[in-house]
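**Student:** Structure file target.csv (CSV, C-alpha atoms) right here:
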chain,number,residue,atom,x,y,z
A,6,MET,CA,0.0,0.0,0.0
A,7,GLU,CA,1.3,3.5,-0.9
A,8,PHE,CA,1.1,6.1,1.8
A,9,THR,CA,1.1,9.8,1.6
A,10,LYS,CA,3.5,11.4,4.1
A,11,GLU,CA,3.0,14.8,5.6
A,12,THR,CA,4.7,16.3,8.6
A,13,ASN,CA,3.5,14.3,11.5
A,14,ARG,CA,0.8,12.4,9.5
A,15,ILE,CA,0.8,9.4,7.2
A,16,PHE,CA,-2.3,8.3,5.4
A,17,ALA,CA,-3.8,6.6,2.4
A,18,LYS,CA,-6.9,7.3,0.3
A,19,ASP,CA,-8.8,5.1,-2.0
A,20,ALA,CA,-9.4,5.9,-5.7
A,21,ALA,CA,-12.4,7.9,-4.8
A,22,GLY,CA,-10.4,10.1,-2.4
A,23,LYS,CA,-11.9,8.5,0.8
A,24,LEU,CA,-9.5,8.3,3.7
A,25,ILE,CA,-8.8,4.6,4.3
A,26,ALA,CA,-5.8,4.6,6.7
A,27,GLU,CA,-4.1,7.2,8.9
A,28,ILE,CA,-1.7,7.7,11.7
A,29,THR,CA,-1.0,11.0,13.3
A,30,PHE,CA,1.9,12.0,15.6
A,31,PRO,CA,1.8,15.7,16.4
A,32,ASN,CA,4.7,17.5,18.1
A,33,ARG,CA,4.5,17.6,21.9
A,34,SER,CA,7.8,19.4,22.2
A,35,ALA,CA,10.9,20.2,20.2
A,36,THR,CA,12.1,16.6,20.8
A,37,THR,CA,8.9,14.6,21.2
A,38,VAL,CA,5.8,13.6,19.3
A,39,ASP,CA,2.6,11.9,20.4
A,40,ILE,CA,1.4,8.9,18.4
A,41,ASN,CA,-2.2,9.8,19.2
A,42,HIS,CA,-4.4,8.3,16.4
A,43,THR,CA,-4.4,5.3,14.2
A,44,PHE,CA,-7.3,4.5,11.8
A,45,VAL,CA,-7.8,1.7,9.3
A,46,ASP,CA,-11.0,1.4,7.3
A,47,ASP,CA,-13.0,-1.7,7.9
A,48,SER,CA,-12.3,-2.9,4.4
A,49,LEU,CA,-8.6,-3.2,5.2
A,50,ARG,CA,-8.8,-4.7,8.7
A,51,GLY,CA,-6.7,-7.8,9.3
A,52,GLN,CA,-4.3,-7.1,6.4
A,53,GLY,CA,-1.5,-5.6,8.5
A,54,VAL,CA,-2.2,-2.0,7.4
A,55,ALA,CA,-2.0,-0.5,10.9
A,56,GLY,CA,1.3,-2.2,11.5
A,57,GLN,CA,2.6,-0.7,8.2
A,58,LEU,CA,1.4,2.7,9.4
A,59,MET,CA,3.3,2.2,12.7
A,60,LEU,CA,6.5,1.3,10.8
A,61,ALA,CA,6.2,4.3,8.5
A,62,ALA,CA,5.6,6.6,11.5
A,63,ILE,CA,8.7,5.2,13.3
A,64,ASP,CA,10.8,5.9,10.2
A,65,ALA,CA,9.4,9.5,10.0
A,66,ILE,CA,10.0,10.1,13.8
A,67,ARG,CA,13.5,8.7,13.6
A,68,ALA,CA,14.2,10.9,10.6
A,69,GLN,CA,13.1,13.9,12.6
A,70,GLY,CA,15.5,12.8,15.4
A,71,LYS,CA,12.6,12.7,17.9
A,72,LYS,CA,11.2,10.4,20.5
A,73,ALA,CA,7.6,9.4,20.9
A,74,ILE,CA,5.0,9.0,23.5
A,75,VAL,CA,2.0,6.9,22.7
A,76,THR,CA,-1.6,7.8,23.7
A,77,CYS,CA,-3.4,5.9,20.9
A,78,PRO,CA,-4.5,2.6,22.4
A,79,TYR,CA,-3.5,0.7,19.2
A,80,ALA,CA,0.0,2.2,19.4
A,81,VAL,CA,0.4,1.4,23.1
A,82,GLY,CA,-0.4,-2.3,22.3
A,83,TRP,CA,1.8,-2.3,19.3
A,84,PHE,CA,4.8,-1.1,21.2
A,85,GLN,CA,4.1,-3.7,23.9
A,86,LYS,CA,4.2,-6.4,21.2
A,87,HIS,CA,7.3,-5.0,19.6
A,88,PRO,CA,9.8,-4.2,22.3
A,89,GLU,CA,12.6,-4.0,19.7
A,90,PHE,CA,11.3,-0.5,18.9
A,91,SER,CA,11.2,0.7,22.5
A,92,ALA,CA,14.3,2.9,22.0
A,93,LEU,CA,12.0,5.3,20.1
A,94,LEU,CA,9.9,5.8,23.2
A,95,ASP,CA,10.4,8.8,25.5
A,96,SER,CA,10.8,6.7,28.6
A,97,GLU,CA,10.1,9.5,31.0
A,98,ILE,CA,6.6,10.3,29.7
A,99,SER,CA,5.3,7.4,27.6
A,100,SER,CA,1.9,6.1,28.5
A,101,ASN,CA,1.7,2.4,29.1
A,102,LYS,CA,-2.1,2.1,29.5
Show me, as C-alpha cells, the structure contained in the file I just sent.

**Tutor:**
Amino acid sequence: MEFTKETNRIFAKDAAGKLIAEITFPNRSATTVDINHTFVDDSLRGQGVAGQLMLAAIDAIRAQGKKAIVTCPYAVGWFQKHPEFSALLDSEISSNK
C-alpha cells in the first residue's frame, strides 16, 4: 500500500479520495511527538495496514530525530508487542495504559 506522508501524518486514500488509513503524531515538544491516532478502514482490517502505518511513523519520527510518547490505544499495544522498537519511546513520559 502506498502512503502519503506529511509532517506528523501518514495516510492513504482510495481511488475515490476517501481516507482509508491514517496515523498522526503531532509534536509535543521540540524533541517529542505523540502517536495519538491510528485509523484503518473496515475494508482493510486484518491485512496488517495498521502495522505498516506504525513502521512508517517510526521511520518518520527517527528521521526527525525525535522520541515518541503513545496515547493511541493501538500504538500502546503495538509497542508492547514490539519491544525491539522501545528505544524510540520517550521513557520519561510514555503512556503504558

**Student:** Counting only C-alpha atoms, figure out which residue out of A:Arg50, A:Lys18, A:His42, A:Lys23 gets nearest to Ala80 in chain A.

**Tutor:**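 Of A:Arg50, A:Lys18, A:His42, A:Lys23, the one nearest Ala80 in chain A, counting only C-alpha atoms, is A:His42.
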
**Student:** So what do you get for CA of Asp46 in chain A versus CA of Ile25 in chain A, distance-wise?

**Tutor:**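 Computed distance, CA of Asp46 in chain A to CA of Ile25 in chain A, equals 4.9 Å.
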
**Student:** List every residue of range 9-28 of chain A that has an atom at most 12 Å from any atom of range 33-40 of chain A, and for each one report the closest atom pair and its distance in Å to one decimal, counting all atoms listed in the file, with rows sorted by chain and then by increasing residue number, as a Markdown table.

**Tutor:**
| residue | atom | partner | partner_atom | distance |
| --- | --- | --- | --- | --- |
| A:Thr12 | CA | A:Val38 | CA | 11.1 |
| A:Asn13 | CA | A:Val38 | CA | 8.2 |
| A:Arg14 | CA | A:Ile40 | CA | 9.6 |
| A:Ile15 | CA | A:Ile40 | CA | 11.2 |
| A:Glu27 | CA | A:Ile40 | CA | 11.1 |
| A:Ile28 | CA | A:Ile40 | CA | 7.5 |

**Student:** Smallest atom-to-atom distance to Ala55 in chain A: which of A:Ile74, A:Leu94, A:Val81, A:Ala26, using all atoms listed in the file?

**Tutor:**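 Nearest to Ala55 in chain A: A:Ala26.
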
**Student:** Grab the CA of Lys72 in chain A to CA of Glu11 in chain A distance for me, in Å with one decimal place.

**Tutor:**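 Distance reported for this atom pair: 17.6 Å.
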
**Student:** With all atoms listed in the file as the atoms that count, which of A:Val54, A:Ala68, A:Ala92, A:Ala73 lies nearest to Glu7 in chain A?

**Tutor:**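 Distance minimum relative to Glu7 in chain A lands on A:Val54.
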
**Student:** Please, what distance in Å, to one decimal, runs between CA of Asp19 in chain A and CA of Met59 in chain A?

**Tutor:**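 Distance reported for this atom pair: 19.3 Å.
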
**Student:** Between A:Ala17, A:Ala62, A:Met6, A:Val45, which residue has the minimum interatomic distance to Thr29 in chain A, considering all atoms listed in the file?

**Tutor:**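 Smallest distance to Thr29 in chain A is found for A:Ala62.
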
**Student:** Pick out the closest residue to Gln69 in chain A from this set: A:Lys86, A:Gly53, A:Thr43, A:Phe30. Count all atoms listed in the file.

**Tutor:** A:Phe30

**Student:** Using all atoms listed in the file, find the one residue out of A:Phe44, A:Tyr79, A:Phe90, A:Phe84 that sits nearest to Phe16 in chain A.

**Tutor:** A:Phe44
